[in-house]
$ cat coords-v2.cif   # mmCIF, C-alpha atoms
data_entry
#
loop_
_atom_site.label_atom_id
_atom_site.label_comp_id
_atom_site.auth_asym_id
_atom_site.auth_seq_id
_atom_site.Cartn_x
_atom_site.Cartn_y
_atom_site.Cartn_z
CA ILE J 257 0.00 0.00 0.00
CA PRO J 258 1.54 3.35 -0.99
CA PRO J 259 2.44 5.71 1.87
CA SER J 260 0.01 8.30 0.46
CA PHE J 261 -2.83 5.98 1.46
CA LEU J 262 -1.33 4.99 4.80
CA PHE J 263 -0.65 8.38 6.29
CA LEU J 264 -3.15 10.61 4.50
CA SER J 265 -5.40 11.79 7.31
CA HIS J 266 -6.90 14.77 9.07
CA ASP J 267 -4.41 14.25 11.90
CA VAL J 268 -1.39 15.25 9.80
CA LYS J 269 -0.07 18.56 11.04
CA ALA J 270 -0.80 21.49 8.76
CA PRO J 271 2.50 22.67 7.21
CA ASP J 272 1.45 26.36 7.16
CA GLY J 273 3.43 26.90 3.98
CA GLY J 274 5.35 24.84 1.46
CA TRP J 275 2.92 23.35 -1.03
CA GLY J 276 0.17 25.14 0.88
CA TRP J 277 0.98 28.33 -1.03
CA ALA J 278 0.22 26.52 -4.30
CA VAL J 279 -3.06 25.35 -2.76
CA LEU J 280 -3.74 28.96 -1.77
CA ALA J 281 -3.08 30.14 -5.33
CA GLY J 282 -5.55 27.57 -6.65
CA GLY J 283 -8.12 28.61 -4.05
CA PHE J 284 -7.65 32.26 -5.05
CA VAL J 285 -8.55 31.47 -8.68
CA ILE J 286 -11.46 29.19 -7.76
CA THR J 287 -12.97 31.74 -5.36
CA GLY J 288 -12.71 34.35 -8.09
CA PHE J 289 -14.51 32.23 -10.66
CA SER J 290 -17.19 31.08 -8.20
CA TYR J 291 -18.28 34.48 -6.96
CA ALA J 292 -17.54 36.66 -9.99
CA PHE J 293 -18.84 34.45 -12.79
CA PRO J 294 -22.58 34.88 -12.03
CA LYS J 295 -22.07 38.66 -12.22
CA ALA J 296 -19.79 38.54 -15.29
CA VAL J 297 -22.40 36.63 -17.29
CA SER J 298 -24.79 39.58 -16.91
CA VAL J 299 -22.65 41.47 -19.45
CA PHE J 300 -24.23 39.33 -22.19
CA PHE J 301 -27.85 39.94 -21.14
CA LYS J 302 -28.60 42.61 -23.77
CA GLU J 303 -27.48 40.31 -26.58
CA LEU J 304 -29.50 37.43 -25.17
CA ILE J 305 -32.61 39.62 -24.91
CA ARG J 306 -32.21 40.56 -28.58
CA GLU J 307 -31.46 36.99 -29.67
CA PHE J 308 -34.31 35.19 -27.92
CA GLY J 309 -36.87 37.98 -27.55
CA VAL J 310 -37.10 37.69 -23.75
CA GLY J 311 -37.15 40.25 -20.93
CA TYR J 312 -34.35 41.27 -18.59
CA SER J 313 -35.95 39.36 -15.72
CA ASP J 314 -35.82 36.17 -17.83
CA CYS J 315 -32.07 36.63 -18.36
CA ALA J 316 -31.54 37.44 -14.68
CA TRP J 317 -32.57 33.86 -13.92
CA ILE J 318 -29.24 32.70 -15.38
CA SER J 319 -27.27 34.36 -12.57
CA SER J 320 -29.87 33.29 -10.01
CA ILE J 321 -29.62 29.63 -11.02
CA LEU J 322 -25.82 29.84 -10.95
CA LEU J 323 -25.88 31.16 -7.38
CA ALA J 324 -28.54 28.63 -6.36
CA MET J 325 -26.34 25.78 -7.60
CA LEU J 326 -23.25 27.24 -5.91
CA TYR J 327 -24.97 27.38 -2.51
CA GLY J 328 -27.72 24.76 -2.75
CA THR J 329 -25.50 21.84 -3.76
CA GLY J 330 -23.37 22.18 -0.62
CA PRO J 331 -24.39 18.83 0.93
CA LEU J 332 -23.81 17.03 -2.39
CA CYS J 333 -20.30 18.49 -2.59
CA SER J 334 -19.63 17.40 1.01
CA VAL J 335 -20.68 13.82 0.23
CA LEU J 336 -18.49 13.66 -2.89
CA VAL J 337 -15.46 15.16 -1.10
CA ASN J 338 -15.80 12.76 1.84
CA LYS J 339 -16.05 9.80 -0.54
CA PHE J 340 -13.57 10.63 -3.32
CA GLY J 341 -11.37 13.43 -1.97
CA CYS J 342 -10.91 17.05 -3.03
CA ARG J 343 -8.64 16.72 -6.07
CA PRO J 344 -10.80 14.40 -8.27
CA VAL J 345 -13.99 16.25 -7.34
CA MET J 346 -12.45 19.58 -8.36
CA MET J 347 -11.10 18.29 -11.66
CA VAL J 348 -14.48 16.81 -12.61
CA GLY J 349 -16.09 20.07 -11.50
CA GLY J 350 -13.78 22.02 -13.82
CA LEU J 351 -14.89 19.86 -16.75
CA PHE J 352 -18.55 20.46 -15.86
CA ALA J 353 -18.04 24.23 -15.55
CA SER J 354 -16.35 24.40 -18.96
CA LEU J 355 -18.78 22.03 -20.67
CA GLY J 356 -21.79 24.05 -19.53
CA MET J 357 -20.52 27.27 -21.15
CA ILE J 358 -19.46 25.48 -24.35
CA LEU J 359 -22.90 23.87 -24.72
CA ALA J 360 -24.57 27.20 -23.92
CA SER J 361 -22.76 28.78 -26.90
CA LEU J 362 -24.88 26.47 -29.11
CA ALA J 363 -28.15 27.36 -27.37
CA THR J 364 -31.36 27.79 -29.37
CA SER J 365 -33.53 29.01 -26.47
CA ILE J 366 -33.20 30.71 -23.11
CA LEU J 367 -34.21 27.42 -21.43
CA HIS J 368 -31.17 25.81 -23.00
CA ILE J 369 -28.96 28.48 -21.37
CA TYR J 370 -30.70 27.96 -18.01
CA ILE J 371 -29.74 24.28 -18.11
CA CYS J 372 -26.22 24.66 -19.52
CA THR J 373 -24.92 27.86 -17.91
CA GLY J 374 -27.11 27.82 -14.81
CA VAL J 375 -27.22 24.15 -13.83
CA ILE J 376 -24.16 22.51 -15.41
CA THR J 377 -21.68 25.38 -15.02
CA GLY J 378 -23.14 26.22 -11.61
CA LEU J 379 -22.64 22.64 -10.44
CA GLY J 380 -19.08 22.64 -11.79
CA LEU J 381 -18.21 25.83 -9.88
CA ALA J 382 -19.76 24.39 -6.71
CA LEU J 383 -17.65 21.24 -7.04
CA ASN J 384 -14.57 23.49 -7.12
CA PHE J 385 -15.42 26.11 -4.51
CA GLN J 386 -16.14 23.92 -1.49
CA PRO J 387 -13.16 21.50 -1.86
CA SER J 388 -10.78 24.46 -2.29
CA LEU J 389 -11.85 25.79 1.12
CA ILE J 390 -11.47 22.35 2.68
CA MET J 391 -7.93 21.96 1.33
CA LEU J 392 -7.00 25.43 2.54
CA ASN J 393 -8.16 24.42 6.03
CA ARG J 394 -5.98 21.30 5.92
CA TYR J 395 -2.81 23.05 4.77
CA PHE J 396 -2.96 26.06 7.10
CA SER J 397 -3.40 26.32 10.85
CA GLU J 398 -1.39 29.16 12.43
CA LYS J 399 -1.49 31.22 9.23
CA ARG J 400 -5.03 30.19 8.30
CA PRO J 401 -6.74 33.58 8.88
CA LEU J 402 -4.26 35.24 6.51
CA ALA J 403 -4.64 32.38 4.00
CA ASN J 404 -8.43 32.74 4.10
CA GLY J 405 -8.16 36.49 3.57
CA LEU J 406 -5.83 36.09 0.58
CA SER J 407 -8.00 33.38 -0.96
CA ALA J 408 -11.16 35.46 -0.49
CA ALA J 409 -9.49 38.37 -2.32
CA GLY J 410 -9.88 36.32 -5.50
CA SER J 411 -13.53 37.38 -5.67
CA PRO J 412 -13.08 41.15 -6.18
CA VAL J 413 -9.97 40.64 -8.34
CA ALA J 414 -11.84 38.30 -10.70
CA LEU J 415 -14.85 40.60 -10.80
CA CYS J 416 -12.64 43.51 -11.87
CA CYS J 417 -11.16 41.31 -14.63
CA LEU J 418 -14.06 39.15 -15.87
CA SER J 419 -16.62 41.91 -16.42
CA PRO J 420 -14.39 43.99 -18.75
CA LEU J 421 -13.24 40.78 -20.44
CA GLY J 422 -16.87 39.81 -21.09
CA GLN J 423 -17.54 43.18 -22.70
CA VAL J 424 -14.50 42.82 -24.97
CA LEU J 425 -15.48 39.27 -25.96
CA GLN J 426 -19.05 40.32 -26.70
CA TYR J 427 -17.88 43.21 -28.86
CA HIS J 428 -15.45 41.13 -30.95
CA TYR J 429 -17.08 37.67 -31.01
CA GLY J 430 -20.72 38.08 -29.97
CA TRP J 431 -22.32 36.28 -27.06
CA ARG J 432 -21.80 32.80 -28.60
CA GLY J 433 -18.08 33.33 -29.12
CA GLY J 434 -17.83 34.92 -25.67
CA PHE J 435 -19.48 31.92 -24.01
CA LEU J 436 -17.16 29.56 -25.91
CA ILE J 437 -14.01 31.43 -24.84
CA LEU J 438 -15.21 31.68 -21.22
CA GLY J 439 -15.83 27.93 -21.32
CA GLY J 440 -12.21 27.42 -22.29
CA LEU J 441 -11.12 29.81 -19.54
CA LEU J 442 -13.00 27.72 -16.97
CA LEU J 443 -10.79 24.73 -17.81
CA ASN J 444 -8.26 26.44 -15.56
CA CYS J 445 -10.39 25.04 -12.71
CA CYS J 446 -8.99 21.61 -13.61
CA ALA J 447 -5.45 22.95 -13.27
CA CYS J 448 -6.34 24.45 -9.89
CA GLY J 449 -7.84 21.12 -8.86
CA ALA J 450 -4.60 19.36 -9.79
CA LEU J 451 -2.79 21.61 -7.29
CA MET J 452 -4.85 20.18 -4.42
CA ARG J 453 -2.34 17.49 -3.51
CA PRO J 454 -3.54 15.41 -0.55
CA LEU J 455 -1.70 16.19 2.67
CA VAL J 456 0.65 13.29 3.45
CA GLY J 457 2.43 12.52 6.71
CA PRO J 458 6.14 11.68 6.98
CA LYS J 459 7.11 8.40 5.39
CA LYS J 460 7.93 5.64 7.87
CA PRO J 461 10.67 3.01 7.47
CA GLN J 462 9.56 -0.06 5.51
CA GLY J 463 9.36 -2.30 8.60
CA GLN J 464 7.21 0.15 10.52
CA GLU J 465 5.12 0.70 7.41
CA LEU J 466 4.28 -3.01 7.08
CA GLN J 467 3.55 -3.18 10.82
CA ALA J 468 1.18 -0.20 10.46
CA VAL J 469 -0.59 -2.02 7.60
CA ASP J 470 -1.06 -5.16 9.72
CA GLU J 471 -2.39 -3.15 12.66
CA ALA J 472 -4.74 -1.24 10.39
CA GLU J 473 -6.12 -4.48 8.94
CA LYS J 474 -6.73 -5.98 12.39
CA LYS J 475 -8.60 -2.98 13.75
CA PRO J 476 -12.31 -2.78 12.90
CA LYS J 477 -12.86 0.04 10.47
CA PRO J 478 -15.53 2.54 11.58
CA LYS J 479 -18.13 3.36 8.96
CA LYS J 480 -17.24 6.65 7.32
CA LYS J 481 -19.95 9.31 7.39
CA LEU J 482 -20.48 10.92 4.01
CA LEU J 483 -22.45 13.76 5.57
CA ASP J 484 -22.02 14.31 9.30
CA PHE J 485 -25.28 15.71 10.72
CA SER J 486 -23.84 15.55 14.24
CA VAL J 487 -22.56 19.10 13.69
CA PHE J 488 -26.09 20.25 14.55
CA LYS J 489 -25.40 19.09 18.12
CA ASP J 490 -22.63 21.68 18.34
CA ARG J 491 -24.06 24.90 19.80
CA GLY J 492 -21.35 26.96 18.15
CA PHE J 493 -22.26 25.59 14.73
CA LEU J 494 -25.98 26.17 15.28
CA ILE J 495 -25.38 29.81 16.26
CA TYR J 496 -23.13 30.34 13.26
CA ALA J 497 -25.54 28.66 10.81
CA ILE J 498 -28.51 30.73 12.00
CA ALA J 499 -26.51 33.98 11.92
CA ALA J 500 -25.05 33.24 8.46
CA SER J 501 -28.50 32.43 7.07
CA ILE J 502 -29.85 35.74 8.35
CA MET J 503 -26.77 37.61 7.12
CA VAL J 504 -27.12 36.65 3.45
CA LEU J 505 -30.67 38.05 3.31
CA GLY J 506 -29.38 41.58 2.78
CA LEU J 507 -25.62 41.31 2.36
CA PHE J 508 -25.62 41.25 -1.45
CA VAL J 509 -28.28 43.91 -2.00
CA PRO J 510 -26.23 47.19 -1.97
CA PRO J 511 -23.75 46.21 -4.74
CA VAL J 512 -26.68 45.24 -6.96
CA PHE J 513 -28.62 48.51 -6.60
CA VAL J 514 -25.92 51.16 -6.10
CA VAL J 515 -25.27 51.54 -9.85
CA SER J 516 -28.99 51.81 -10.69
CA TYR J 517 -29.44 54.31 -7.85
CA ALA J 518 -26.59 56.45 -9.21
CA LYS J 519 -28.13 56.42 -12.70
CA GLU J 520 -31.51 57.50 -11.32
CA MET J 521 -29.73 60.47 -9.72
CA GLY J 522 -28.71 61.58 -13.22
CA ASN J 523 -25.12 60.33 -13.34
CA GLU J 524 -23.59 58.96 -16.56
CA ASP J 525 -23.36 55.20 -17.08
CA THR J 526 -19.54 55.13 -16.90
CA LYS J 527 -19.54 57.32 -13.80
CA SER J 528 -22.14 55.08 -12.15
CA ALA J 529 -20.21 51.93 -13.05
CA LEU J 530 -17.08 53.47 -11.49
CA LEU J 531 -18.75 53.05 -8.09
CA LEU J 532 -18.48 49.27 -8.34
CA THR J 533 -14.81 49.63 -9.34
CA ILE J 534 -14.17 51.71 -6.21
CA LEU J 535 -16.03 49.17 -4.07
CA GLY J 536 -14.07 46.28 -5.60
CA PHE J 537 -10.70 48.05 -5.24
CA ILE J 538 -11.26 48.62 -1.51
CA ASP J 539 -12.53 45.04 -1.15
CA ILE J 540 -9.33 43.64 -2.70
CA PHE J 541 -7.15 45.13 0.04
CA ALA J 542 -9.67 44.77 2.88
CA ARG J 543 -9.80 40.96 2.74
CA PRO J 544 -6.11 40.10 3.21
CA THR J 545 -5.69 42.96 5.70
CA CYS J 546 -8.57 41.64 7.78
CA GLY J 547 -7.11 38.13 7.56
CA LEU J 548 -3.79 39.46 8.84
CA ILE J 549 -5.53 41.18 11.78
CA ALA J 550 -7.59 38.08 12.56
CA GLY J 551 -4.39 36.02 12.80
CA MET J 552 -2.91 38.17 15.56
CA LYS J 553 -2.30 36.42 18.86
CA TRP J 554 -4.80 38.50 20.85
CA VAL J 555 -7.45 38.72 18.12
CA ARG J 556 -7.64 35.10 16.92
CA PRO J 557 -9.32 33.59 20.01
CA ARG J 558 -11.93 36.38 19.70
CA CYS J 559 -12.31 36.11 15.92
CA VAL J 560 -16.05 35.45 16.20
CA TYR J 561 -16.56 38.87 17.80
CA LEU J 562 -14.56 40.52 15.02
CA PHE J 563 -16.86 38.76 12.54
CA SER J 564 -19.88 40.01 14.47
CA PHE J 565 -18.51 43.56 14.34
CA ALA J 566 -17.88 43.24 10.57
CA ILE J 567 -21.53 42.25 9.96
CA LEU J 568 -22.83 45.05 12.20
CA PHE J 569 -20.50 47.61 10.59
CA ASN J 570 -21.63 46.50 7.14
CA GLU J 571 -25.31 47.12 7.85
CA CYS J 572 -25.09 50.14 10.15
CA HIS J 573 -23.10 52.31 7.79
CA CYS J 574 -25.54 51.41 4.99
CA MET J 575 -28.43 52.63 7.13
CA VAL J 576 -26.63 55.80 8.23
CA LEU J 577 -25.53 56.80 4.75
CA LEU J 578 -28.66 55.87 2.81
CA LEU J 579 -31.41 56.58 5.35
CA PHE J 580 -30.14 59.45 7.47
CA TRP J 581 -27.59 61.15 5.25
CA GLN J 582 -29.48 59.83 2.18
CA ALA J 583 -26.40 60.11 -0.06
CA THR J 584 -28.12 62.50 -2.46
CA ASP J 585 -24.96 63.36 -4.39
CA TYR J 586 -22.20 61.42 -6.13
CA PRO J 587 -19.48 62.07 -3.48
CA GLY J 588 -21.88 60.61 -0.90
CA LEU J 589 -22.17 57.42 -2.96
CA VAL J 590 -18.38 57.25 -3.29
CA VAL J 591 -18.04 57.41 0.51
CA PHE J 592 -20.73 54.73 0.80
CA CYS J 593 -18.85 52.42 -1.61
CA ILE J 594 -15.56 52.93 0.25
CA PHE J 595 -17.06 51.94 3.60
CA PHE J 596 -19.15 49.15 2.10
CA GLY J 597 -16.09 47.73 0.31
CA LEU J 598 -14.22 47.75 3.63
CA SER J 599 -16.98 46.03 5.62
CA TYR J 600 -17.86 43.64 2.77
CA GLY J 601 -14.22 42.59 2.57
CA MET J 602 -14.09 41.98 6.32
CA VAL J 603 -17.15 39.71 6.15
CA GLY J 604 -15.75 37.86 3.13
CA ALA J 605 -12.40 37.25 4.82
CA LEU J 606 -13.86 36.02 8.11
CA GLN J 607 -16.99 34.03 7.28
CA PHE J 608 -15.29 30.69 6.59
CA GLU J 609 -12.42 31.28 9.03
CA VAL J 610 -14.96 31.48 11.87
CA LEU J 611 -16.69 28.29 10.72
CA MET J 612 -13.34 26.46 10.57
CA ALA J 613 -12.52 27.62 14.09
CA ILE J 614 -15.90 26.44 15.41
CA VAL J 615 -16.14 22.91 13.97
CA GLY J 616 -12.49 21.95 13.41
CA THR J 617 -10.91 20.11 10.50
CA LYS J 618 -12.72 16.76 10.56
CA LYS J 619 -16.25 18.09 10.42
CA PHE J 620 -15.59 21.16 8.31
CA SER J 621 -16.56 19.49 5.03
CA SER J 622 -20.03 18.50 6.26
CA ALA J 623 -20.52 21.75 8.18
CA LEU J 624 -19.66 23.88 5.14
CA GLY J 625 -22.08 22.01 2.89
CA LEU J 626 -24.95 22.29 5.35
CA VAL J 627 -24.31 26.01 5.99
CA LEU J 628 -24.28 26.77 2.26
CA LEU J 629 -27.60 24.96 1.85
CA MET J 630 -29.16 26.94 4.71
CA GLU J 631 -27.88 30.18 3.17
CA ALA J 632 -29.39 29.23 -0.20
CA ILE J 633 -32.78 28.62 1.43
CA ALA J 634 -32.56 31.89 3.35
CA VAL J 635 -31.83 33.93 0.21
CA LEU J 636 -34.95 32.53 -1.46
CA VAL J 637 -37.28 32.97 1.52
CA GLY J 638 -36.79 36.05 3.66
CA PRO J 639 -36.30 39.85 3.84
CA PRO J 640 -33.09 41.65 4.92
CA GLY J 641 -31.89 41.10 8.47
CA VAL J 642 -28.16 41.64 8.65
CA ILE J 643 -28.18 43.45 12.00
CA LEU J 644 -30.02 40.51 13.56
CA ALA J 645 -27.25 38.20 12.27
CA SER J 646 -24.63 40.24 14.13
CA ILE J 647 -26.63 40.09 17.36
CA VAL J 648 -27.25 36.33 17.04
CA ILE J 649 -23.62 35.33 16.50
CA CYS J 650 -22.23 37.74 19.11
CA MET J 651 -24.73 37.14 21.94
CA GLY J 652 -25.09 33.45 21.14
CA ASN J 653 -21.34 32.91 21.41
CA PHE J 654 -21.09 34.99 24.59
CA LEU J 655 -24.09 33.47 26.41
CA CYS J 656 -24.30 29.90 25.12
CA ILE J 657 -20.65 28.88 24.73
CA LYS J 658 -19.02 29.43 28.09
CA LYS J 659 -16.09 27.42 29.42
CA LYS J 660 -16.53 26.02 32.89
CA PRO J 661 -14.23 27.55 35.56
CA ASP J 662 -12.60 24.22 36.30
CA GLU J 663 -12.12 23.30 32.63
CA PRO J 664 -8.42 23.10 31.69
CA GLU J 665 -7.18 25.38 28.96
CA ALA J 666 -7.34 23.52 25.65
CA HIS J 667 -4.74 23.94 22.97
CA LEU J 668 -6.13 24.90 19.62
CA GLU J 669 -5.47 22.60 16.70
CA ASN J 670 -6.72 23.89 13.38
CA GLY J 671 -9.08 26.18 15.24
CA ALA J 672 -10.74 23.48 17.44
CA PRO J 673 -9.77 22.05 20.85
CA ALA J 674 -7.31 19.24 20.29
CA GLU J 675 -8.61 17.21 23.23
CA MET J 676 -12.16 17.33 21.90
CA GLU J 677 -11.06 16.23 18.43
CA LYS J 678 -9.17 13.26 19.90
CA LEU J 679 -12.19 12.30 22.03
CA ASN J 680 -14.47 12.46 19.00
CA SER J 681 -12.04 10.28 17.05
CA LEU J 682 -12.09 7.61 19.80
CA LEU J 683 -15.87 7.69 19.99
CA GLU J 684 -16.23 7.35 16.23
CA ALA J 685 -13.81 4.41 16.22
CA GLU J 686 -15.96 2.66 18.78
CA GLY J 687 -19.16 3.40 16.91
CA ALA J 688 -20.41 5.60 19.74
CA ALA J 689 -19.85 9.03 18.26
CA PRO J 690 -22.95 11.29 18.44
#
$ encode --input "coords-v2.cif" --output "structure tokens"
Amino acid sequence: IPPSFLFLSHDVKAPDGGWGWAVLAGGFVITGFSYAFPKAVSVFFKELIREFGVGYSDCAWISSILLAMLYGTGPLCSVLVNKFGCRPVMMVGGLFASLGMILASLATSILHIYICTGVITGLGLALNFQPSLIMLNRYFSEKRPLANGLSAAGSPVALCCLSPLGQVLQYHYGWRGGFLILGGLLLNCCACGALMRPLVGPKKPQGQELQAVDEAEKKPKPKKKLLDFSVFKDRGFLIYAIAASIMVLGLFVPPVFVVSYAKEMGNEDTKSALLLTILGFIDIFARPTCGLIAGMKWVRPRCVYLFSFAILFNECHCMVLLLFWQATDYPGLVVFCIFFGLSYGMVGALQFEVLMAIVGTKKFSSALGLVLLMEAIAVLVGPPGVILASIVICMGNFLCIKKKPDEPEAHLENGAPAEMEKLNSLLEAEGAAP
């Protein structure tokens, strides 16, 4: 049995560097494609309206389906990752993402584009996004907040690049040629997937290796859970999941409407579009900076409160600027975009770091899939409630997750108490894990 199968486990210490930087680079690209692609496709909406004789709302369903697949297929991605591993799932996902756009370039109806771009490409991006986060969590521990911040910066960088690229492609090649070229561009997801080399422990001498094989064969193998619902018994996870579901209700609204609002005020199209460029530019630097701050020795144990502040800051300044100040002139909107880009970047850098710290490495795959599904449901169902999300995660963590006075100080391992992870491992091995 090759050593890669013997010592590949969640218990291998995160190297916090080395090949992890290549994994980070792949995660940067995947995050960019996943979040920016649904918005970049909107560049082609005018051509699609003219081609198929549909309304703007009909075309908007393309981006909606893409986002629904990205979030709603979370549990499916968790099952596939737990069964096959991150690298093969990502490479297959890259093929799906590319195939969907290539088939969409041959579309004869808007329904065809819904299926190809929305469902197939959306599924492909989902199969890349979630495993990239899981691999990042396995390769980084001490430097994980910074790694998460750098990876999350891929979203605004890709948005600043893909939207202008889409306009150029549409001008020179039409929407069909643009879709075909973007499909080829998405094949880079396969290259990023190939970077996700499984984390392998140090190779043992041949004698010890054979002895480890014999011992492994003698021990009864616990049944592997493809989707671990026991995370719902974790109060920290429940608080996070509820808060995250509430948060997404209004988090994405301002970037969507700020350009339209500026146009209604009488500003030119290019001047209005510049607002999103300003927002994205601030976002690019806010994410890694926030990750660097979150990794500080004093801040990291209190990272959940920093996340709570980021959510509250994001919503409160929106209310102050738009409701009280009312931002009736262009400079007011510029100030709004600067502060929103800052707070939006803080939320983007911290949202998955906090989840990793709460559930630990072993259950992160299942926890991430279930959280994404809950967020997808929340986006479809409810009205804005971002302030409530801040209150839930802050007060819930403070009131419901208290350490007993006589409890010994636990060392953190990948963001979760090491003793608790070892206990859970023993319980699972005995078939008694909750």
$ closest_residue --input "coords-v2.cif" --among "J:Lys295, J:Arg394, J:Arg306, J:Arg453" --to "Leu418 of chain J" --atoms "all atoms listed in the file"
J:Lys295
$ residues_around --input "coords-v2.cif" --residues "segment 604-613 of chain J" --least-positions-apart "3" --cutoff "10 Å" --atoms "all atoms listed in the file" --output "ChimeraX atom specification"
/J:389-390,393,397,400-409,411,492-493,496-497,500,539,542-548,550,556-564,566-567,599-601,616-621,623-624,627,668-673
$ residues_around --input "coords-v2.cif" --residues "segment 440-449 of chain J" --least-positions-apart "2" --cutoff "6 Å" --atoms "only C-alpha atoms" --output "PyMOL selection string"
chain J and resi 282+343+346-347+350+354+437-438+451-452
$ resolve_selection --input "coords-v2.cif" --expression "the PyMOL selection byres ((chain J and resi 498) around 12)" --output "count of residues only"
33
$ atom_distance --input "coords-v2.cif" --atom1 "atom CA of Leu323 of chain J" --atom2 "atom CA of Leu383 of chain J"
12.9 Å
$ resolve_selection --input "coords-v2.cif" --expression "the PyMOL selection byres ((chain J and resi 298) around 10)" --output "list in words"
Phe293, Pro294, Lys295, Ala296, Val297, Val299, Phe300, Phe301, Lys302, Leu304, Tyr312, Cys315, Ala316, Ile318, Ser319, Ser419, Gly422 and Gln423 of chain J
$ residues_around --input "coords-v2.cif" --residues "segment 590-598 of chain J" --least-positions-apart "2" --cutoff "7 Å" --atoms "all atoms listed in the file" --output "mmCIF file with C-alpha atoms, in the frame of the given file"
data_model
loop_
_atom_site.group_PDB
_atom_site.id
_atom_site.type_symbol
_atom_site.label_atom_id
_atom_site.label_comp_id
_atom_site.auth_asym_id
_atom_site.auth_seq_id
_atom_site.Cartn_x
_atom_site.Cartn_y
_atom_site.Cartn_z
ATOM 1 C CA LEU J 531 -18.750 53.050 -8.090
ATOM 2 C CA ILE J 534 -14.170 51.710 -6.210
ATOM 3 C CA LEU J 535 -16.030 49.170 -4.070
ATOM 4 C CA GLY J 536 -14.070 46.280 -5.600
ATOM 5 C CA ILE J 538 -11.260 48.620 -1.510
ATOM 6 C CA ASP J 539 -12.530 45.040 -1.150
ATOM 7 C CA ALA J 542 -9.670 44.770 2.880
ATOM 8 C CA ASN J 570 -21.630 46.500 7.140
ATOM 9 C CA LEU J 577 -25.530 56.800 4.750
ATOM 10 C CA TYR J 586 -22.200 61.420 -6.130
ATOM 11 C CA PRO J 587 -19.480 62.070 -3.480
ATOM 12 C CA GLY J 588 -21.880 60.610 -0.900
ATOM 13 C CA TYR J 600 -17.860 43.640 2.770
ATOM 14 C CA GLY J 601 -14.220 42.590 2.570
ATOM 15 C CA MET J 602 -14.090 41.980 6.320
#
$ resolve_selection --input "coords-v2.cif" --expression "the PyMOL selection byres ((chain J and resi 289) around 8)" --output "list in words"
Val285, Ile286, Thr287, Gly288, Ser290, Tyr291, Ala292, Phe293, Leu381, Ser411, Ala414 and Leu442 of chain J
$ residues_near_point --input "coords-v2.cif" --point "(-26.9, 21.6, -4.8)" --cutoff "12 Å" --atoms "only C-alpha atoms" --output "MDAnalysis selection string"
chainID J and resid 321:336 374:376 378:383 386 625:633
$ build_atoms --input "coords-v2.cif" --residues "segment 305-313 of chain J" --atoms "N, CA, C and O atoms" --output "PDB file, keeping the file's coordinate frame"
ATOM      1  N   ILE J 305     -31.250  39.061 -24.788  1.00  0.00           N
ATOM      2  CA  ILE J 305     -32.610  39.620 -24.910  1.00  0.00           C
ATOM      3  C   ILE J 305     -32.950  39.815 -26.383  1.00  0.00           C
ATOM      4  O   ILE J 305     -34.054  39.478 -26.835  1.00  0.00           O
ATOM      5  N   ARG J 306     -31.985  40.333 -27.145  1.00  0.00           N
ATOM      6  CA  ARG J 306     -32.210  40.560 -28.580  1.00  0.00           C
ATOM      7  C   ARG J 306     -32.313  39.241 -29.341  1.00  0.00           C
ATOM      8  O   ARG J 306     -33.117  39.101 -30.260  1.00  0.00           O
ATOM      9  N   GLU J 307     -31.503  38.263 -28.959  1.00  0.00           N
ATOM     10  CA  GLU J 307     -31.460  36.990 -29.670  1.00  0.00           C
ATOM     11  C   GLU J 307     -32.727  36.167 -29.476  1.00  0.00           C
ATOM     12  O   GLU J 307     -33.276  35.609 -30.434  1.00  0.00           O
ATOM     13  N   PHE J 308     -33.196  36.093 -28.226  1.00  0.00           N
ATOM     14  CA  PHE J 308     -34.310  35.190 -27.920  1.00  0.00           C
ATOM     15  C   PHE J 308     -35.636  35.906 -27.670  1.00  0.00           C
ATOM     16  O   PHE J 308     -36.649  35.256 -27.402  1.00  0.00           O
ATOM     17  N   GLY J 309     -35.630  37.238 -27.726  1.00  0.00           N
ATOM     18  CA  GLY J 309     -36.870  37.980 -27.550  1.00  0.00           C
ATOM     19  C   GLY J 309     -37.470  37.830 -26.164  1.00  0.00           C
ATOM     20  O   GLY J 309     -38.688  37.705 -26.010  1.00  0.00           O
ATOM     21  N   VAL J 310     -36.633  37.837 -25.129  1.00  0.00           N
ATOM     22  CA  VAL J 310     -37.100  37.690 -23.750  1.00  0.00           C
ATOM     23  C   VAL J 310     -36.854  38.999 -22.993  1.00  0.00           C
ATOM     24  O   VAL J 310     -36.227  39.920 -23.516  1.00  0.00           O
ATOM     25  N   GLY J 311     -37.354  39.077 -21.767  1.00  0.00           N
ATOM     26  CA  GLY J 311     -37.150  40.250 -20.930  1.00  0.00           C
ATOM     27  C   GLY J 311     -35.905  40.135 -20.083  1.00  0.00           C
ATOM     28  O   GLY J 311     -35.283  39.071 -19.984  1.00  0.00           O
ATOM     29  N   TYR J 312     -35.547  41.256 -19.444  1.00  0.00           N
ATOM     30  CA  TYR J 312     -34.350  41.270 -18.590  1.00  0.00           C
ATOM     31  C   TYR J 312     -34.512  40.311 -17.417  1.00  0.00           C
ATOM     32  O   TYR J 312     -33.568  39.639 -17.019  1.00  0.00           O
ATOM     33  N   SER J 313     -35.714  40.249 -16.863  1.00  0.00           N
ATOM     34  CA  SER J 313     -35.950  39.360 -15.720  1.00  0.00           C
ATOM     35  C   SER J 313     -35.735  37.895 -16.106  1.00  0.00           C
ATOM     36  O   SER J 313     -35.293  37.082 -15.291  1.00  0.00           O
TER      37      SER J 313
END
